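input_9.cif (mmCIF, C-alpha atoms)
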data_final
loop_
_atom_site.label_atom_id
_atom_site.label_comp_id
_atom_site.auth_asym_id
_atom_site.auth_seq_id
_atom_site.Cartn_x
_atom_site.Cartn_y
_atom_site.Cartn_z
CA MET Z 179 -62.48 42.40 -2.84
CA ILE Z 180 -59.10 42.49 -4.63
CA LYS Z 181 -57.46 44.06 -1.57
CA ARG Z 182 -58.95 41.34 0.66
CA LEU Z 183 -57.60 38.61 -1.66
CA SER Z 184 -54.18 40.26 -1.73
CA CYS Z 185 -54.19 40.44 2.05
CA LEU Z 186 -55.19 36.79 2.30
CA ALA Z 187 -52.48 35.76 -0.16
CA LEU Z 188 -49.91 37.69 1.86
CA ILE Z 189 -51.03 35.98 5.07
CA ILE Z 190 -50.71 32.56 3.41
CA LEU Z 191 -47.27 33.43 2.07
CA VAL Z 192 -46.08 34.62 5.48
CA TYR Z 193 -47.50 31.46 7.08
CA LYS Z 194 -45.69 29.21 4.61
CA PHE Z 195 -42.43 31.08 5.10
CA SER Z 196 -42.83 30.85 8.86
CA LEU Z 197 -43.57 27.14 8.62
CA ALA Z 198 -40.51 26.55 6.42
CA SER Z 199 -38.32 28.56 8.79
CA THR Z 200 -39.65 26.63 11.76
CA LYS Z 201 -38.87 23.35 10.02
CA GLY Z 202 -35.38 24.55 9.16
CA ASP Z 203 -34.75 25.65 12.74
CA ALA Z 204 -36.07 22.31 13.97
CA LEU Z 205 -33.38 20.27 12.22
CA LYS Z 206 -31.62 18.07 14.72
CA PHE Z 207 -27.92 17.29 14.70
CA TYR Z 208 -26.92 13.62 14.60
CA SER Z 209 -23.24 13.00 15.28
CA ALA Z 210 -21.06 10.68 13.22
CA ASP Z 211 -21.19 7.90 15.83
CA ASN Z 212 -24.96 7.52 15.57
CA SER Z 213 -25.94 3.88 15.11
CA ASN Z 214 -28.21 4.78 12.18
CA ILE Z 215 -25.24 5.93 10.09
CA ARG Z 216 -23.47 3.28 8.06
CA TYR Z 217 -19.90 3.38 6.71
CA VAL Z 218 -18.53 1.10 3.99
CA GLY Z 219 -14.84 1.10 3.13
CA ARG Z 220 -11.54 1.62 4.90
CA VAL Z 221 -12.35 4.24 7.50
CA ASP Z 222 -10.22 5.29 10.47
CA PHE Z 223 -12.47 5.35 13.55
CA SER Z 224 -9.78 6.52 15.98
CA ASN Z 225 -12.05 9.48 16.66
CA LYS Z 226 -15.59 8.10 16.51
CA LEU Z 227 -17.04 11.60 16.34
CA LYS Z 228 -14.93 12.36 13.26
CA PRO Z 229 -14.34 9.18 11.25
CA ARG Z 230 -11.51 9.87 8.81
CA ILE Z 231 -11.69 8.82 5.15
CA TRP Z 232 -8.80 8.82 2.70
CA ALA Z 233 -9.62 6.11 0.18
CA PRO Z 234 -11.69 6.71 -2.94
CA GLY Z 235 -15.05 4.98 -3.05
CA VAL Z 236 -15.68 4.97 0.71
CA TYR Z 237 -19.37 5.71 1.25
CA ILE Z 238 -21.72 6.73 4.04
CA GLN Z 239 -25.41 5.85 4.13
CA ALA Z 240 -28.38 7.01 6.18
CA ASN Z 241 -32.18 7.25 6.11
CA PHE Z 242 -33.86 10.45 7.22
CA LYS Z 243 -37.35 11.87 7.63
CA GLY Z 244 -38.39 15.29 6.36
CA THR Z 245 -37.79 17.60 3.42
CA GLN Z 246 -34.24 18.73 4.26
CA CYS Z 247 -30.86 17.29 5.14
CA GLU Z 248 -27.46 18.84 5.77
CA ILE Z 249 -24.11 17.05 5.62
CA ILE Z 250 -21.40 18.33 7.94
CA LEU Z 251 -17.77 17.42 7.29
CA THR Z 252 -14.26 18.81 7.23
CA ASP Z 253 -11.72 18.54 4.43
CA GLU Z 254 -7.99 18.25 5.08
CA ALA Z 255 -7.59 21.12 2.59
CA LEU Z 256 -3.97 20.34 1.83
CA GLY Z 257 -3.39 23.73 0.25
CA GLY Z 258 -4.15 25.49 -3.01
CA ASN Z 259 -7.13 23.92 -4.71
CA ASN Z 260 -6.64 20.47 -3.19
CA LEU Z 261 -10.24 19.85 -2.19
CA ASN Z 262 -12.17 16.60 -2.44
CA TYR Z 263 -15.04 15.73 -4.73
CA LEU Z 264 -18.05 13.85 -3.37
CA GLU Z 265 -20.91 12.01 -5.01
CA ILE Z 266 -24.33 12.39 -3.37
CA VAL Z 267 -27.28 10.13 -4.12
CA ILE Z 268 -30.79 10.75 -2.78
CA ASP Z 269 -33.41 7.99 -2.88
CA GLY Z 270 -31.35 6.04 -5.40
CA ASN Z 271 -31.85 8.73 -8.04
CA LYS Z 272 -29.24 10.16 -10.40
CA PRO Z 273 -26.09 11.04 -8.42
CA TYR Z 274 -24.72 14.54 -8.39
CA ARG Z 275 -21.09 15.50 -7.87
CA ILE Z 276 -19.87 18.39 -5.74
CA GLN Z 277 -16.55 19.70 -4.50
CA THR Z 278 -15.91 20.80 -0.95
CA THR Z 279 -15.37 24.54 -0.58
CA GLY Z 280 -12.77 24.65 2.20
CA LYS Z 281 -11.87 23.08 5.50
CA GLU Z 282 -15.31 23.37 7.11
CA ASN Z 283 -18.31 22.30 5.03
CA VAL Z 284 -22.07 22.30 5.55
CA ILE Z 285 -23.58 20.74 2.44
CA LYS Z 286 -27.32 21.24 2.00
CA VAL Z 287 -29.15 18.58 0.05
CA PRO Z 288 -31.10 20.35 -2.72
CA GLY Z 289 -34.60 21.33 -1.62
CA GLY Z 290 -37.91 20.18 -3.00
CA LEU Z 291 -37.92 16.78 -1.35
CA PRO Z 292 -41.42 15.53 -0.49
CA ASP Z 293 -42.12 15.28 3.22
CA GLY Z 294 -41.42 11.67 4.14
CA GLU Z 295 -38.61 9.14 4.38
CA HIS Z 296 -35.50 9.44 2.21
CA THR Z 297 -32.19 7.65 1.74
CA ILE Z 298 -28.85 9.41 1.31
CA LEU Z 299 -25.49 8.08 0.16
CA ILE Z 300 -22.26 10.13 0.19
CA CYS Z 301 -19.20 8.73 -1.61
CA LYS Z 302 -15.64 10.10 -1.71
CA ASP Z 303 -14.73 10.46 -5.38
CA THR Z 304 -11.10 11.49 -5.05
CA GLU Z 305 -7.75 9.87 -4.23
CA SER Z 306 -6.26 9.45 -0.78
CA ASN Z 307 -3.39 11.76 -1.77
CA ILE Z 308 -5.89 14.62 -2.31
CA GLY Z 309 -6.45 14.54 1.44
CA TYR Z 310 -8.85 13.11 3.97
CA ILE Z 311 -12.36 14.08 4.90
CA ASP Z 312 -13.64 13.86 8.47
CA PHE Z 313 -17.35 13.15 8.64
CA VAL Z 314 -18.99 15.10 11.47
CA GLY Z 315 -22.68 14.25 11.09
CA PHE Z 316 -26.09 15.03 9.62
CA LYS Z 317 -28.72 17.62 10.40
CA CYS Z 318 -32.26 16.55 9.60
CA GLU Z 319 -35.71 16.29 11.14
CA LYS Z 320 -35.12 12.69 12.21
CA LEU Z 321 -32.59 9.99 11.41
CA LEU Z 322 -34.21 6.61 10.81
CA PRO Z 323 -32.95 3.01 10.99
CA LEU Z 324 -31.30 1.70 7.84
CA PRO Z 325 -32.67 -1.25 5.88
CA ALA Z 326 -30.77 -4.51 5.92
CA ARG Z 327 -27.41 -4.24 4.17
CA PRO Z 328 -26.70 -6.24 0.99
CA ARG Z 329 -25.59 -9.79 1.65
CA ARG Z 330 -22.91 -9.65 -1.05
CA LYS Z 331 -19.56 -7.88 -0.75
CA ILE Z 332 -16.81 -7.15 -3.29
CA GLU Z 333 -13.40 -5.54 -2.86
CA TYR Z 334 -11.38 -4.06 -5.72
CA PHE Z 335 -7.60 -3.64 -5.55
CA GLY Z 336 -5.94 -1.53 -8.20
CA ASP Z 337 -4.45 1.67 -9.54
CA SER Z 338 -5.89 4.82 -11.16
CA ILE Z 339 -8.30 2.81 -13.31
CA THR Z 340 -9.91 1.30 -10.23
CA SER Z 341 -9.97 4.61 -8.35
CA GLY Z 342 -11.77 6.39 -11.22
CA THR Z 343 -9.05 8.79 -12.38
CA GLY Z 344 -9.53 10.87 -15.54
CA MET Z 345 -13.02 9.61 -16.31
CA ASP Z 346 -15.55 12.36 -15.58
CA GLN Z 347 -15.43 15.44 -17.80
CA SER Z 348 -18.83 16.79 -16.75
CA ALA Z 349 -17.30 19.76 -14.88
CA LEU Z 350 -13.97 20.24 -16.66
CA PRO Z 351 -12.50 18.72 -19.83
CA CYS Z 352 -9.20 16.89 -19.87
CA GLY Z 353 -6.24 19.22 -19.47
CA LYS Z 354 -8.19 21.81 -17.50
CA GLY Z 355 -8.14 22.43 -13.77
CA GLN Z 356 -6.29 20.10 -11.40
CA TRP Z 357 -5.32 16.50 -12.20
CA TYR Z 358 -8.07 15.15 -9.93
CA ASP Z 359 -10.93 17.29 -11.30
CA GLN Z 360 -12.04 14.35 -13.46
CA HIS Z 361 -12.00 11.77 -10.62
CA ASN Z 362 -15.23 9.90 -9.97
CA ALA Z 363 -14.82 6.77 -7.86
CA TYR Z 364 -18.58 6.29 -7.47
CA MET Z 365 -19.09 5.87 -11.22
CA SER Z 366 -15.99 3.73 -11.78
CA TYR Z 367 -16.24 0.10 -12.83
CA GLY Z 368 -15.99 -1.41 -9.32
CA PRO Z 369 -18.94 0.36 -7.67
CA ARG Z 370 -20.92 0.01 -10.91
CA THR Z 371 -20.30 -3.75 -10.91
CA ALA Z 372 -21.29 -3.97 -7.25
CA ARG Z 373 -24.52 -2.05 -7.85
CA ASN Z 374 -25.28 -4.32 -10.81
CA LEU Z 375 -24.96 -7.28 -8.44
CA ASP Z 376 -26.67 -5.70 -5.40
CA ALA Z 377 -23.42 -5.83 -3.43
CA ASP Z 378 -21.41 -3.57 -1.15
CA TRP Z 379 -18.09 -2.38 -2.54
CA GLN Z 380 -14.73 -1.38 -1.20
CA LEU Z 381 -11.94 0.21 -3.28
CA THR Z 382 -8.36 -0.25 -2.17
CA ALA Z 383 -6.81 1.67 -5.01
CA LEU Z 384 -4.26 4.39 -5.67
CA ALA Z 385 -3.35 6.18 -8.89
CA GLY Z 386 0.17 5.37 -10.03
CA ILE Z 387 0.62 2.23 -7.96
CA GLY Z 388 2.15 -0.90 -9.45
CA LEU Z 389 2.85 -4.42 -8.32
CA VAL Z 390 6.65 -4.08 -8.38
CA HIS Z 391 7.11 -0.61 -9.87
CA SER Z 392 4.95 2.46 -9.22
CA CYS Z 393 5.03 5.69 -11.18
CA CYS Z 394 4.57 9.34 -10.27
CA ASN Z 395 7.04 9.37 -7.34
CA LEU Z 396 4.94 6.99 -5.26
CA LYS Z 397 6.87 5.32 -2.47
CA VAL Z 398 4.55 2.31 -2.16
CA VAL Z 399 3.64 -0.72 -4.27
CA LEU Z 400 0.45 -2.75 -4.05
CA PRO Z 401 1.65 -5.61 -1.79
CA GLN Z 402 2.62 -3.03 0.86
CA ILE Z 403 -0.79 -1.41 1.15
CA VAL Z 404 -3.08 -4.46 1.05
CA ASP Z 405 -3.47 -4.18 4.84
CA LYS Z 406 -3.53 -0.37 5.18
CA THR Z 407 -6.22 2.27 5.72
CA PHE Z 408 -4.18 5.34 4.78
CA ILE Z 409 -2.75 3.64 1.72
CA VAL Z 410 -0.69 6.43 0.16
CA ALA Z 411 1.33 6.70 3.38
CA ASP Z 412 1.46 2.91 4.00
CA SER Z 413 -0.07 3.68 7.38
CA ILE Z 414 -2.81 2.64 9.85
CA THR Z 415 -3.31 -1.12 9.80
CA TRP Z 416 -6.70 -2.22 8.49
CA ASN Z 417 -8.78 -4.72 10.46
CA PHE Z 418 -9.92 -7.32 7.92
CA LYS Z 419 -12.68 -8.47 10.27
CA ASN Z 420 -14.53 -5.27 9.38
CA TYR Z 421 -15.12 -6.40 5.79
CA GLN Z 422 -14.97 -9.94 4.45
CA PRO Z 423 -15.74 -9.85 0.71
CA ASP Z 424 -17.22 -12.70 -1.30
CA VAL Z 425 -15.14 -11.62 -4.30
CA VAL Z 426 -11.80 -9.81 -4.51
CA THR Z 427 -10.54 -8.44 -7.82
CA ILE Z 428 -7.00 -7.27 -8.57
CA CYS Z 429 -6.39 -4.92 -11.49
CA ILE Z 430 -2.67 -4.11 -11.57
CA GLY Z 431 0.21 -3.93 -14.04
CA GLN Z 432 -0.51 -0.78 -16.01
CA ASN Z 433 2.15 1.20 -14.14
CA ASP Z 434 4.62 -1.68 -14.09
CA GLY Z 435 4.72 -1.75 -17.87
CA PRO Z 436 5.75 -4.63 -20.15
CA GLN Z 437 9.50 -4.56 -19.40
CA GLN Z 438 9.46 -6.15 -15.94
CA ASP Z 439 11.43 -9.29 -15.16
CA SER Z 440 8.83 -12.03 -15.52
CA THR Z 441 10.12 -14.22 -12.69
CA PHE Z 442 10.24 -11.34 -10.24
CA TYR Z 443 6.81 -10.03 -11.29
CA CYS Z 444 5.08 -13.41 -11.10
CA SER Z 445 6.71 -14.46 -7.83
CA THR Z 446 5.75 -11.12 -6.25
CA TYR Z 447 2.15 -11.56 -7.43
CA VAL Z 448 2.04 -15.10 -6.01
CA LYS Z 449 3.36 -13.88 -2.64
CA MET Z 450 0.71 -11.18 -2.58
CA LEU Z 451 -2.05 -13.68 -3.38
CA THR Z 452 -0.80 -16.02 -0.68
CA ALA Z 453 -0.85 -13.19 1.86
CA MET Z 454 -4.31 -12.10 0.75
CA ARG Z 455 -5.61 -15.63 1.21
CA GLN Z 456 -4.73 -15.41 4.91
CA HIS Z 457 -6.98 -12.36 5.20
CA TYR Z 458 -9.74 -13.66 2.89
CA PRO Z 459 -9.99 -17.43 3.48
CA ARG Z 460 -13.30 -17.88 1.64
CA ALA Z 461 -13.23 -15.22 -1.09
CA ASP Z 462 -12.96 -15.84 -4.80
CA ILE Z 463 -9.95 -13.85 -6.03
CA VAL Z 464 -10.06 -12.70 -9.65
CA CYS Z 465 -6.89 -11.48 -11.37
CA LEU Z 466 -7.77 -8.94 -14.04
CA SER Z 467 -5.88 -7.70 -17.06
CA SER Z 468 -5.63 -3.92 -17.40
CA PRO Z 469 -8.56 -2.55 -19.45
CA MET Z 470 -6.38 0.46 -20.32
CA ALA Z 471 -3.42 -1.52 -21.65
CA ASP Z 472 -2.26 -1.45 -25.25
CA ALA Z 473 -1.70 -4.64 -27.24
CA THR Z 474 1.88 -5.10 -26.07
CA LEU Z 475 1.16 -4.78 -22.36
CA THR Z 476 -2.05 -6.80 -22.66
CA ALA Z 477 -0.15 -9.74 -24.15
CA VAL Z 478 2.43 -9.61 -21.35
CA LEU Z 479 -0.17 -9.39 -18.57
CA GLN Z 480 -2.25 -12.20 -20.02
CA ARG Z 481 0.82 -14.44 -20.17
CA TYR Z 482 1.83 -13.59 -16.61
CA LEU Z 483 -1.67 -14.02 -15.17
CA THR Z 484 -2.19 -17.34 -16.92
CA GLY Z 485 0.94 -18.71 -15.25
CA ILE Z 486 0.15 -17.14 -11.87
CA VAL Z 487 -3.37 -18.54 -11.71
CA ALA Z 488 -2.22 -21.98 -12.88
CA TYR Z 489 0.41 -22.01 -10.11
CA MET Z 490 -2.11 -21.04 -7.42
CA ASN Z 491 -4.61 -23.64 -8.63
CA ALA Z 492 -1.93 -26.35 -8.70
CA ASN Z 493 -1.01 -25.44 -5.14
CA ALA Z 494 -4.44 -26.12 -3.67
CA ASP Z 495 -6.03 -22.69 -4.15
CA LYS Z 496 -8.80 -23.32 -6.66
CA LYS Z 497 -10.58 -20.08 -5.80
CA VAL Z 498 -8.12 -17.93 -7.75
CA SER Z 499 -9.18 -17.20 -11.33
CA LYS Z 500 -8.47 -14.73 -14.13
CA TYR Z 501 -10.49 -12.49 -16.41
CA PHE Z 502 -9.14 -10.69 -19.48
CA PHE Z 503 -11.06 -7.67 -20.74
CA SER Z 504 -12.21 -7.89 -24.33
CA ARG Z 505 -10.53 -4.72 -25.59
CA GLN Z 506 -8.71 -1.53 -24.65
CA TYR Z 507 -10.72 1.24 -22.97
CA HIS Z 508 -8.89 4.57 -23.15
CA ASN Z 509 -11.25 7.43 -24.05
CA GLY Z 510 -10.73 9.45 -20.86
CA CYS Z 511 -8.01 11.82 -19.70
CA GLY Z 512 -4.44 10.60 -20.07
CA GLY Z 513 -5.56 7.45 -21.85
CA HIS Z 514 -7.72 6.29 -18.94
CA PRO Z 515 -11.20 4.86 -19.48
CA ASP Z 516 -13.91 7.54 -19.52
CA ILE Z 517 -17.27 7.33 -17.78
CA ASP Z 518 -18.88 5.41 -20.66
CA ASP Z 519 -15.91 3.04 -20.81
CA HIS Z 520 -16.31 2.30 -17.11
CA LYS Z 521 -19.88 1.21 -17.71
CA LEU Z 522 -18.72 -1.23 -20.39
CA ILE Z 523 -15.90 -2.52 -18.18
CA ALA Z 524 -18.43 -3.03 -15.37
CA ASP Z 525 -20.77 -4.87 -17.72
CA GLU Z 526 -17.98 -7.29 -18.65
CA LEU Z 527 -16.96 -7.87 -15.05
CA THR Z 528 -20.57 -8.20 -13.89
CA ALA Z 529 -21.19 -11.01 -16.37
CA TYR Z 530 -18.03 -12.83 -15.24
CA ILE Z 531 -18.79 -12.57 -11.51
CA LYS Z 532 -22.42 -13.63 -12.07
CA GLN Z 533 -21.15 -16.79 -13.74
CA LEU Z 534 -18.39 -17.34 -11.18
CA LYS Z 535 -20.66 -17.01 -8.15
CA ASN Z 536 -23.95 -18.11 -9.69
CA TRP Z 537 -25.48 -14.81 -8.57
#
Here is the file; what I need is its structure written in the form of structure tokens.
Amino acid sequence: MIKRLSCLALIILVYKFSLASTKGDALKFYSADNSNIRYVGRVDFSNKLKPRIWAPGVYIQANFKGTQCEIILTDEALGGNNLNYLEIVIDGNKPYRIQTTGKENVIKVPGGLPDGEHTILICKDTESNIGYIDFVGFKCEKLLPLPARPRRKIEYFGDSITSGTGMDQSALPCGKGQWYDQHNAYMSYGPRTARNLDADWQLTALAGIGLVHSCCNLKVVLPQIVDKTFIVADSITWNFKNYQPDVVTICIGQNDGPQQDSTFYCSTYVKMLTAMRQHYPRADIVCLSSPMADATLTAVLQRYLTGIVAYMNANADKKVSKYFFSRQYHNGCGGHPDIDDHKLIADELTAYIKQLKNW
């Protein structure tokens, strides 16, 4: 009797293994140009079969049927350990962060998913100067139509704070690994604010960038890259028709420092706002103080922004406003906000935008 039970158990085990193998072999490849795949952010679609992504915070969404999913992409792999981090979210659950392993990548979503419909979101966590990723496609049992996209849209312009630099110490503490090992654009204040408000987000941000003076050997300043897709290289013109936000926020000044000529700084900011208004005729534009700034820089930025916003309002643009963060957030690497700080920054900004837009 025992032998018969053992034999039966073995047969069942072999059957299950065979069924699982059959399911795995039955995964179908869906290329990057499939209409059921959605991209949000500044993406270069020159090659529709390999959309290229440089900017932090760009995300890809899909719905799939089955218990398995594989993500296929390539990394620019600039050399050494310069490989991108990604955030992956399944069914809206807790995100998990991974790093690509080389140029060619097949990323298997962790097993154990119940057989049915699932959502997947993939977000680029790292800076454009870490290199691009080319998205190739998904492998799954079946790709399904996406639900309706959020009606609200927000875009965030800024520097390392906005791109999520130095905030996530879950894998490596500050001072260990590479300078980008603590990047996490998905959990930074902009995407958090957008998720709080059920909105799409787009980050146009680069660590080190300033309004009139950038640090870290950068050759660009913010006004140059407002209309670019490959922002670190000031290259590939962005088509603003692809994304018209309801709200635009600008968080700049940390890298300029407090010693800038006030007339030059404020006039440059006004020119940038005027140019932005041509691209975003209906958006509310919110000028933010730096949540990382010390007391000296905060006082300077608040004075500048007060004058800038007053000038814009007096010159017939009433949809430009300002918001000053309540305190300094600097518990992350290199004095940046950490992951908990970003939540608090997002909470402040969420409350302001809710009031501004009556959302």
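Point (-9.3, -11.8, -13.9) has the following residues at most 9 Å away: Thr427, Ile428, Cys429, Ile463, Val464, Cys465, Leu466, Ser467, Leu483, Val498, Ser499, Lys500, Tyr501, Phe502, Phe503, Leu527 and Tyr530 of chain Z (atoms considered: all atoms listed in the file).
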- prompt: If you apply the PyMOL selection byres ((chain Z and resi 409) around 12) to this file, what residues do you get, as a PyMOL selection string?
  reply: chain Z and resi 220-222+231-234+305-307+309-310+335-337+381-385+387+396-408+410-416
task: Might you pull out every residue within 9 Å of Asp303 (chain Z), with all atoms listed in the file counted and same-chain residues fewer than 4 positions away left off, and present them as a PyMOL selection string?
output: chain Z and resi 233-236+262-265+275+341-342+361-365
Contacts of region 332-402 of chain Z with region 247-259 of chain Z up to 12 Å, shortest pair per row, only C-alpha atoms, as CSV:
residue,atom,partner,partner_atom,distance
Z:Gly355,CA,Z:Asn259,CA,9.2
Z:Gln356,CA,Z:Asn259,CA,7.7
Z:Trp357,CA,Z:Asn259,CA,10.7
Z:Tyr358,CA,Z:Asn259,CA,10.2
Z:Asp359,CA,Z:Asn259,CA,10.1
message: Starting from the PyMOL selection byres ((chain Z and resi 489) around 12), expand the selection into actual residues of this file and give them as a VMD selection string.
response: chain Z and resid 444 to 445 447 to 449 451 to 452 482 to 488 490 to 499
Residues selected by the PyMOL selection byres ((chain Z and resi 215) around 8), written as a PDB file with C-alpha atoms, in the coordinates of the input:
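The resulting file, result-v3.pdb, is shown below:
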ATOM      1  CA  ALA Z 210     -21.060  10.680  13.220  1.00  0.00           C
ATOM      2  CA  ASP Z 211     -21.190   7.900  15.830  1.00  0.00           C
ATOM      3  CA  ASN Z 212     -24.960   7.520  15.570  1.00  0.00           C
ATOM      4  CA  SER Z 213     -25.940   3.880  15.110  1.00  0.00           C
ATOM      5  CA  ASN Z 214     -28.210   4.780  12.180  1.00  0.00           C
ATOM      6  CA  ARG Z 216     -23.470   3.280   8.060  1.00  0.00           C
ATOM      7  CA  TYR Z 217     -19.900   3.380   6.710  1.00  0.00           C
ATOM      8  CA  ILE Z 238     -21.720   6.730   4.040  1.00  0.00           C
ATOM      9  CA  GLN Z 239     -25.410   5.850   4.130  1.00  0.00           C
ATOM     10  CA  ALA Z 240     -28.380   7.010   6.180  1.00  0.00           C
ATOM     11  CA  LEU Z 324     -31.300   1.700   7.840  1.00  0.00           C
TER      12      LEU Z 324
END
task: Find the spatial neighbours of region 507-521 of chain Z, counting only C-alpha atoms, within a cut-off of 6 Å - ignore same-chain residues fewer than 2 positions away - and output them as a list in words.
output: Gly344, Met345, Asp346, Cys352, Ser366, Tyr367, Pro469, Met470, Ile523 and Ala524 of chain Z
Centre, edges in Å (one decimal): axis-aligned box, region 287-305 of chain Z, 5 Å padding on all six sides, as AutoDock Vina command-line options:
--center_x -24.9 --center_y 14.5 --center_z -0.5 --size_x 44.4 --size_y 23.7 --size_z 19.8
message: So, with only C-alpha atoms as the atoms that count, which of Z:His296, Z:Lys302, Z:Lys272, Z:Lys206 lies closest to Arg230 (chain Z)?
response: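 Of the candidates, the smallest distance to Arg230 (chain Z) is held by Z:Lys302.
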- request: Take CA of Ser209 (chain Z) and CA of Leu227 (chain Z) and report the distance between them in Å, one decimal.
  value: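 According to the coordinates, CA of Ser209 (chain Z) and CA of Leu227 (chain Z) are separated by 6.4 Å.
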message: Under the rule that all atoms listed in the file are counted, which of Z:Asp312, Z:Asp525, Z:Glu295, Z:Asp269 is the nearest residue to Lys281 (chain Z)?
response: Z:Asp312
- prompt: For Met454 (chain Z), which of Z:Phe442, Z:Phe418, Z:Phe207, Z:Tyr274 is the closest residue, counting all atoms listed in the file?
  reply: Z:Phe418
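Note that the spacing between CA of Arg505 (chain Z) and CA of Thr371 (chain Z) amounts to 17.7 Å.
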message: As an exercise, work out the distance from CA of Ser468 (chain Z) to CA of Arg330 (chain Z) in Å and give it to one decimal place.
response: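 These atoms are spaced 24.5 Å apart.
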Listing only residues of region 354-393 of chain Z within 10 Å of region 420-425 of chain Z, what is the closest atom pair and its distance in Å (to one decimal) for each, using all atoms listed in the file, sorted by chain and residue number ascending, as a Markdown table?
| residue | atom | partner | partner_atom | distance |
| --- | --- | --- | --- | --- |
| Z:Ala377 | CA | Z:Asp424 | CA | 9.5 |
| Z:Asp378 | CA | Z:Pro423 | CA | 8.7 |
| Z:Trp379 | CA | Z:Pro423 | CA | 8.5 |
| Z:Gln380 | CA | Z:Tyr421 | CA | 8.6 |
Could region 214-225 of chain Z be completed with N, CA, C and O atoms and returned as a PDB file, in the coordinates of the input?
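Written file, part_2.pdb:
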ATOM      1  N   ASN Z 214     -27.456   4.807  13.427  1.00  0.00           N
ATOM      2  CA  ASN Z 214     -28.210   4.780  12.180  1.00  0.00           C
ATOM      3  C   ASN Z 214     -27.411   5.298  10.979  1.00  0.00           C
ATOM      4  O   ASN Z 214     -27.957   5.460   9.893  1.00  0.00           O
ATOM      5  N   ILE Z 215     -26.123   5.531  11.190  1.00  0.00           N
ATOM      6  CA  ILE Z 215     -25.240   5.930  10.090  1.00  0.00           C
ATOM      7  C   ILE Z 215     -24.326   4.759   9.761  1.00  0.00           C
ATOM      8  O   ILE Z 215     -23.735   4.151  10.657  1.00  0.00           O
ATOM      9  N   ARG Z 216     -24.232   4.445   8.494  1.00  0.00           N
ATOM     10  CA  ARG Z 216     -23.470   3.280   8.060  1.00  0.00           C
ATOM     11  C   ARG Z 216     -22.283   3.708   7.198  1.00  0.00           C
ATOM     12  O   ARG Z 216     -22.417   4.551   6.317  1.00  0.00           O
ATOM     13  N   TYR Z 217     -21.116   3.097   7.462  1.00  0.00           N
ATOM     14  CA  TYR Z 217     -19.900   3.380   6.710  1.00  0.00           C
ATOM     15  C   TYR Z 217     -19.445   2.115   6.000  1.00  0.00           C
ATOM     16  O   TYR Z 217     -19.446   1.034   6.590  1.00  0.00           O
ATOM     17  N   VAL Z 218     -19.048   2.245   4.736  1.00  0.00           N
ATOM     18  CA  VAL Z 218     -18.530   1.100   3.990  1.00  0.00           C
ATOM     19  C   VAL Z 218     -17.205   1.521   3.347  1.00  0.00           C
ATOM     20  O   VAL Z 218     -17.160   2.488   2.583  1.00  0.00           O
ATOM     21  N   GLY Z 219     -16.151   0.783   3.654  1.00  0.00           N
ATOM     22  CA  GLY Z 219     -14.840   1.100   3.130  1.00  0.00           C
ATOM     23  C   GLY Z 219     -13.831   1.212   4.253  1.00  0.00           C
ATOM     24  O   GLY Z 219     -14.149   1.047   5.435  1.00  0.00           O
ATOM     25  N   ARG Z 220     -12.612   1.522   3.905  1.00  0.00           N
ATOM     26  CA  ARG Z 220     -11.540   1.620   4.900  1.00  0.00           C
ATOM     27  C   ARG Z 220     -11.574   2.990   5.556  1.00  0.00           C
ATOM     28  O   ARG Z 220     -11.097   3.979   5.001  1.00  0.00           O
ATOM     29  N   VAL Z 221     -12.148   3.014   6.735  1.00  0.00           N
ATOM     30  CA  VAL Z 221     -12.350   4.240   7.500  1.00  0.00           C
ATOM     31  C   VAL Z 221     -11.557   4.131   8.795  1.00  0.00           C
ATOM     32  O   VAL Z 221     -11.522   3.076   9.431  1.00  0.00           O
ATOM     33  N   ASP Z 222     -10.949   5.236   9.192  1.00  0.00           N
ATOM     34  CA  ASP Z 222     -10.220   5.290  10.470  1.00  0.00           C
ATOM     35  C   ASP Z 222     -11.164   5.826  11.543  1.00  0.00           C
ATOM     36  O   ASP Z 222     -11.553   6.994  11.512  1.00  0.00           O
ATOM     37  N   PHE Z 223     -11.540   4.974  12.490  1.00  0.00           N
ATOM     38  CA  PHE Z 223     -12.470   5.350  13.550  1.00  0.00           C
ATOM     39  C   PHE Z 223     -11.744   5.694  14.853  1.00  0.00           C
ATOM     40  O   PHE Z 223     -12.324   5.570  15.927  1.00  0.00           O
ATOM     41  N   SER Z 224     -10.505   6.138  14.769  1.00  0.00           N
ATOM     42  CA  SER Z 224      -9.780   6.520  15.980  1.00  0.00           C
ATOM     43  C   SER Z 224     -10.544   7.571  16.771  1.00  0.00           C
ATOM     44  O   SER Z 224     -10.579   7.551  17.999  1.00  0.00           O
ATOM     45  N   ASN Z 225     -11.141   8.509  16.057  1.00  0.00           N
ATOM     46  CA  ASN Z 225     -12.050   9.480  16.660  1.00  0.00           C
ATOM     47  C   ASN Z 225     -13.452   9.172  16.135  1.00  0.00           C
ATOM     48  O   ASN Z 225     -13.771   9.466  14.992  1.00  0.00           O
TER      49      ASN Z 225
END
